[in-house]
>>> print(open('query_0.tsv').read())   # TSV, C-alpha atoms
chain	number	residue	atom	x	y	z
A	1	MET	CA	14.59	45.73	19.95
A	2	ASN	CA	12.38	44.12	22.59
A	3	LYS	CA	12.47	40.44	23.60
A	4	LEU	CA	9.35	39.46	21.62
A	5	THR	CA	10.73	40.86	18.37
A	6	LYS	CA	14.03	39.08	18.93
A	7	VAL	CA	12.26	35.75	19.60
A	8	ILE	CA	10.14	36.18	16.46
A	9	LYS	CA	13.20	37.02	14.32
A	10	ASP	CA	15.09	34.04	15.74
A	11	TRP	CA	12.37	31.37	15.58
A	12	VAL	CA	9.94	32.20	12.75
A	13	PRO	CA	12.40	31.43	9.89
A	14	THR	CA	13.40	28.15	11.55
A	15	LEU	CA	9.76	27.13	12.07
A	16	LEU	CA	8.84	28.06	8.49
A	17	ILE	CA	11.70	25.97	7.11
A	18	ALA	CA	10.67	23.05	9.32
A	19	VAL	CA	7.05	23.23	8.13
A	20	VAL	CA	8.04	23.44	4.45
A	21	LEU	CA	10.48	20.52	4.79
A	22	SER	CA	7.85	18.48	6.61
A	23	LEU	CA	5.31	19.07	3.85
A	24	LEU	CA	7.84	18.19	1.15
A	25	VAL	CA	8.85	14.97	2.90
A	26	ARG	CA	5.23	13.95	3.43
A	27	SER	CA	4.29	14.72	-0.17
A	28	TYR	CA	7.26	13.23	-1.99
A	29	VAL	CA	9.40	11.04	0.27
A	30	ALA	CA	7.57	9.16	3.03
A	31	GLU	CA	4.36	9.27	5.02
A	32	ALA	CA	2.81	7.50	7.98
A	33	MET	CA	-0.62	5.94	7.41
A	34	SER	CA	-2.97	3.73	9.39
A	35	VAL	CA	-4.89	0.68	8.18
A	36	PRO	CA	-8.70	0.94	8.56
A	37	THR	CA	-9.84	-2.54	7.41
A	38	GLU	CA	-9.16	-6.25	7.92
A	39	SER	CA	-8.16	-6.89	4.29
A	40	MET	CA	-4.48	-7.47	5.15
A	41	VAL	CA	-4.99	-9.60	8.29
A	42	PRO	CA	-2.97	-11.45	9.59
A	43	THR	CA	-0.01	-9.49	8.15
A	44	ILE	CA	-1.38	-6.08	9.12
A	45	GLN	CA	-4.06	-5.54	11.76
A	46	VAL	CA	-6.72	-2.82	11.86
A	47	GLY	CA	-5.20	0.37	13.26
A	48	ASP	CA	-1.57	-0.58	12.62
A	49	ARG	CA	0.59	2.28	11.36
A	50	LEU	CA	2.63	2.04	8.18
A	51	ILE	CA	5.57	4.04	6.89
A	52	VAL	CA	5.19	4.37	3.13
A	53	ASP	CA	8.15	5.12	0.83
A	54	LYS	CA	6.76	7.40	-1.88
A	55	MET	CA	9.92	7.48	-3.99
A	56	LEU	CA	8.81	4.72	-6.36
A	57	TRP	CA	11.08	6.10	-9.08
A	58	ALA	CA	14.05	5.13	-6.91
A	59	THR	CA	12.98	1.54	-6.29
A	60	SER	CA	11.57	-1.41	-8.15
A	61	LEU	CA	8.43	-3.23	-7.13
A	62	LYS	CA	8.47	-7.00	-6.81
A	63	HIS	CA	5.98	-9.76	-6.10
A	64	GLY	CA	4.94	-9.74	-2.46
A	65	ASP	CA	5.54	-6.04	-1.81
A	66	ILE	CA	2.81	-4.28	0.15
A	67	VAL	CA	1.76	-1.14	-1.70
A	68	VAL	CA	-0.53	1.86	-1.11
A	69	PHE	CA	-2.51	3.06	-4.13
A	70	HIS	CA	-5.68	4.65	-5.48
A	71	PRO	CA	-7.94	1.75	-6.56
A	72	PRO	CA	-9.54	1.60	-10.03
A	73	ILE	CA	-13.00	2.11	-8.56
A	74	ALA	CA	-15.17	4.99	-9.76
A	75	GLY	CA	-15.82	7.50	-7.00
A	76	GLU	CA	-13.51	5.84	-4.44
A	77	THR	CA	-11.40	8.40	-2.60
A	78	LYS	CA	-9.77	6.16	0.04
A	79	LEU	CA	-6.30	4.74	-0.44
A	80	TYR	CA	-5.95	0.96	-0.47
A	81	VAL	CA	-3.18	-1.18	1.04
A	82	LYS	CA	-2.70	-4.55	-0.66
A	83	ARG	CA	-0.04	-7.09	-1.62
A	84	LEU	CA	1.47	-6.93	-5.12
A	85	ILE	CA	0.58	-10.18	-6.85
A	86	GLY	CA	1.03	-9.43	-10.56
A	87	LEU	CA	3.58	-7.31	-12.40
A	88	PRO	CA	3.12	-6.14	-16.01
A	89	GLY	CA	3.02	-9.19	-18.30
A	90	ASP	CA	2.26	-11.71	-15.54
A	91	VAL	CA	-0.59	-14.18	-16.01
A	92	VAL	CA	-2.52	-14.48	-12.73
A	93	GLN	CA	-5.01	-17.20	-11.85
A	94	ILE	CA	-6.67	-18.42	-8.66
A	95	LYS	CA	-7.88	-22.01	-8.67
A	96	ASP	CA	-8.24	-24.81	-6.15
A	97	GLY	CA	-7.60	-22.35	-3.30
A	98	ALA	CA	-4.17	-21.30	-4.59
A	99	LEU	CA	-2.57	-18.48	-6.59
A	100	TYR	CA	-0.84	-19.34	-9.84
A	101	ARG	CA	1.50	-16.82	-11.43
A	102	ASN	CA	2.65	-17.57	-14.97
A	103	GLY	CA	1.44	-21.16	-14.56
A	104	VAL	CA	3.43	-21.80	-11.37
A	105	LYS	CA	1.80	-22.16	-7.95
A	106	ALA	CA	2.98	-19.24	-5.78
A	107	ASP	CA	4.31	-19.78	-2.27
A	108	GLU	CA	2.19	-17.54	-0.07
A	109	SER	CA	3.19	-18.57	3.43
A	110	TYR	CA	1.74	-15.32	4.84
A	111	LEU	CA	-1.82	-16.55	4.09
A	112	LYS	CA	-3.62	-18.36	6.91
A	113	VAL	CA	-6.77	-19.36	5.00
A	114	LYS	CA	-7.14	-20.83	1.50
A	115	MET	CA	-9.05	-18.80	-1.05
A	116	ASP	CA	-12.62	-19.96	-1.52
A	117	TYR	CA	-13.03	-18.55	-5.04
A	118	SER	CA	-11.63	-18.89	-8.55
A	119	PHE	CA	-10.38	-16.07	-10.74
A	120	GLY	CA	-8.74	-15.67	-14.13
A	121	PRO	CA	-6.50	-16.35	-15.80
A	122	VAL	CA	-5.81	-12.70	-16.62
A	123	THR	CA	-2.72	-11.04	-18.07
A	124	VAL	CA	-1.53	-7.86	-16.34
A	125	PRO	CA	-1.21	-5.08	-18.97
A	126	ASP	CA	1.86	-2.87	-19.44
A	127	ASP	CA	2.18	-0.14	-16.79
A	128	HIS	CA	-0.39	-1.87	-14.55
A	129	TYR	CA	-0.32	-4.06	-11.45
A	130	PHE	CA	-2.55	-6.68	-9.81
A	131	PHE	CA	-3.18	-6.53	-6.04
A	132	LEU	CA	-4.87	-8.81	-3.50
A	133	GLY	CA	-5.35	-8.50	0.25
A	134	ASP	CA	-3.86	-11.14	2.56
A	135	ASN	CA	-7.30	-11.81	4.04
A	136	ARG	CA	-8.39	-12.99	0.60
A	137	ASN	CA	-11.90	-14.23	1.30
A	138	ILE	CA	-13.09	-10.91	2.74
A	139	SER	CA	-10.77	-8.45	0.97
A	140	PHE	CA	-12.35	-6.09	-1.57
A	141	ASP	CA	-9.50	-6.35	-4.06
A	142	ALA	CA	-8.66	-7.00	-7.73
A	143	HIS	CA	-10.61	-10.25	-7.95
A	144	LEU	CA	-13.82	-8.28	-7.23
A	145	TRP	CA	-13.18	-5.00	-9.05
A	146	ASP	CA	-14.71	-4.33	-12.48
A	147	THR	CA	-11.22	-3.38	-13.64
A	148	PRO	CA	-8.75	-5.62	-11.78
A	149	PHE	CA	-5.60	-3.70	-12.70
A	150	VAL	CA	-4.09	-0.62	-11.04
A	151	SER	CA	-2.34	1.83	-13.33
A	152	LYS	CA	1.25	2.75	-12.45
A	153	ASP	CA	0.25	6.41	-12.05
A	154	LYS	CA	-2.20	5.44	-9.25
A	155	LEU	CA	0.53	4.01	-7.01
A	156	ILE	CA	1.39	6.05	-3.91
A	157	GLY	CA	4.23	4.08	-2.38
A	158	LYS	CA	5.63	0.88	-0.96
A	159	VAL	CA	5.22	-0.02	2.71
A	160	VAL	CA	8.69	-0.12	4.27
A	161	LEU	CA	7.78	-0.38	7.96
A	162	GLU	CA	4.78	-1.63	9.91
A	163	ILE	CA	4.21	-0.43	13.45
A	164	PRO	CA	1.90	-2.99	15.11
A	165	VAL	CA	-0.23	-0.64	17.21
A	166	HIS	CA	-2.51	-3.56	18.15
A	167	LYS	CA	0.39	-5.16	20.05
A	168	LEU	CA	1.36	-1.92	21.76
A	169	LEU	CA	-2.15	-1.44	23.16
A	170	ARG	CA	-2.24	-4.79	24.97
>>> encode(input="query_0.tsv", output="structure tokens")
Amino acid sequence: MNKLTKVIKDWVPTLLIAVVLSLLVRSYVAEAMSVPTESMVPTIQVGDRLIVDKMLWATSLKHGDIVVFHPPIAGETKLYVKRLIGLPGDVVQIKDGALYRNGVKADESYLKVKMDYSFGPVTVPDDHYFFLGDNRNISFDAHLWDTPFVSKDKLIGKVVLEIPVHKLLR
């Protein structure tokens, strides 16, 4: 057996296993993504990288989580990154520049600018969620969509780590 055949026999199975495992992890466990818009500023800047946990069955979502999903917009193929505002059964309303959830004003210390619009009240249906960007006045999010609720089966995963590329490039 020559050297090339030995190298192929030694390395090809290992490389194939690595590629298959990589594809499985990316499809079902976690994936790195970048943010293309300013809808989550100041929390997430354009170009920042995110690590997204795709194992939603193993976790529970809560108010304030940042989630990646397919939006309820006909013909839209891009994934969206927004903050989870309303869980199934929640009543969501925006008035006087503030978010009210189930009649109680929400503490949203991550916002830097008050909202300049009103919305709702709306009740989030079973197996659906309500999302808004942190840059509320420019974010194309649930308050502007024809259907403001994202079905559970359209969720991709929860952001578990943000890598602030904008700070690394300074």
>>> axis_aligned_box(input="query_0.tsv", around="region 60-71 of chain A", padding_each_side="4 Å", output="AutoDock Vina command-line options")
--center_x 1.8 --center_y -2.6 --center_z -4.0 --size_x 27.5 --size_y 22.4 --size_z 16.3
>>> residues_around(input="query_0.tsv", residues="Tyr110 (chain A)", least_positions_apart="4", cutoff="12 Å", atoms="all atoms listed in the file", output="PyMOL selection string")
chain A and resi 40-44+64+83+106+114+133-136
>>> closest_residue(input="query_0.tsv", among="A:Phe149, A:Phe140, A:Trp57, A:Trp11", to="Pro125 (chain A)", atoms="all atoms listed in the file")
A:Phe149
>>> closest_residue(input="query_0.tsv", among="A:Lys158, A:Val81, A:Val68, A:Ser34", to="Leu50 (chain A)", atoms="only C-alpha atoms")
A:Ser34
>>> closest_residue(input="query_0.tsv", among="A:Lys54, A:His70, A:Lys3, A:Lys78", to="Ser151 (chain A)", atoms="all atoms listed in the file")
A:His70
>>> atom_distance(input="query_0.tsv", atom1="CA of Ile94 (chain A)", atom2="CA of Phe130 (chain A)")
12.5 Å
>>> residues_around(input="query_0.tsv", residues="Phe119 (chain A)", least_positions_apart="3", cutoff="9 Å", atoms="all atoms listed in the file", output="ChimeraX atom specification")
/A:92-95,122,143
>>> atom_distance(input="query_0.tsv", atom1="CA of Ser118 (chain A)", atom2="CA of Asp146 (chain A)")
15.4 Å
>>> atom_distance(input="query_0.tsv", atom1="CA of His128 (chain A)", atom2="CA of Leu87 (chain A)")
7.1 Å
>>> closest_residue(input="query_0.tsv", among="A:Val113, A:Lys82, A:Leu132, A:Phe69", to="Lys152 (chain A)", atoms="all atoms listed in the file")
A:Phe69
>>> residues_around(input="query_0.tsv", residues="His63 (chain A)", least_positions_apart="4", cutoff="7 Å", atoms="all atoms listed in the file", output="ChimeraX atom specification")
/A:84-86
>>> residues_near_point(input="query_0.tsv", point="(-18.4, 2.0, -4.4)", cutoff="12 Å", atoms="all atoms listed in the file", output="list in words")
Pro71, Pro72, Ile73, Ala74, Gly75, Glu76, Thr77, Lys78, Phe140, Leu144, Trp145 and Asp146 of chain A
>>> write_last_selection(input="query_0.tsv", atoms="C-alpha atoms", output="PDB file, keeping the file's coordinate frame")
ATOM      1  CA  PRO A  71      -7.940   1.750  -6.560  1.00  0.00           C
ATOM      2  CA  PRO A  72      -9.540   1.600 -10.030  1.00  0.00           C
ATOM      3  CA  ILE A  73     -13.000   2.110  -8.560  1.00  0.00           C
ATOM      4  CA  ALA A  74     -15.170   4.990  -9.760  1.00  0.00           C
ATOM      5  CA  GLY A  75     -15.820   7.500  -7.000  1.00  0.00           C
ATOM      6  CA  GLU A  76     -13.510   5.840  -4.440  1.00  0.00           C
ATOM      7  CA  THR A  77     -11.400   8.400  -2.600  1.00  0.00           C
ATOM      8  CA  LYS A  78      -9.770   6.160   0.040  1.00  0.00           C
ATOM      9  CA  PHE A 140     -12.350  -6.090  -1.570  1.00  0.00           C
ATOM     10  CA  LEU A 144     -13.820  -8.280  -7.230  1.00  0.00           C
ATOM     11  CA  TRP A 145     -13.180  -5.000  -9.050  1.00  0.00           C
ATOM     12  CA  ASP A 146     -14.710  -4.330 -12.480  1.00  0.00           C
TER      13      ASP A 146
END
>>> closest_residue(input="query_0.tsv", among="A:Val160, A:Tyr100, A:Leu111, A:Asp65", to="Phe131 (chain A)", atoms="only C-alpha atoms")
A:Asp65
>>> decode(input="query_0.tsv", residues="region 32-47 of chain A", atoms="C-alpha atoms", output="mmCIF file, in the first residue's frame")
data_model
loop_
_atom_site.group_PDB
_atom_site.id
_atom_site.type_symbol
_atom_site.label_atom_id
_atom_site.label_comp_id
_atom_site.auth_asym_id
_atom_site.auth_seq_id
_atom_site.Cartn_x
_atom_site.Cartn_y
_atom_site.Cartn_z
ATOM 1 C CA ALA A 32 -23.673 31.184 14.497
ATOM 2 C CA MET A 33 -25.517 34.027 12.752
ATOM 3 C CA SER A 34 -24.860 37.688 12.061
ATOM 4 C CA VAL A 35 -27.249 40.612 12.450
ATOM 5 C CA PRO A 36 -27.868 42.614 9.239
ATOM 6 C CA THR A 37 -30.100 45.469 10.506
ATOM 7 C CA GLU A 38 -30.337 48.109 13.242
ATOM 8 C CA SER A 39 -33.604 46.757 14.688
ATOM 9 C CA MET A 40 -31.943 45.521 17.902
ATOM 10 C CA VAL A 41 -29.678 48.535 18.540
ATOM 11 C CA PRO A 42 -28.374 49.313 21.162
ATOM 12 C CA THR A 43 -28.429 45.706 22.445
ATOM 13 C CA ILE A 44 -27.062 44.195 19.237
ATOM 14 C CA GLN A 45 -25.210 46.186 16.581
ATOM 15 C CA VAL A 46 -25.178 45.587 12.825
ATOM 16 C CA GLY A 47 -22.679 42.832 12.014
#
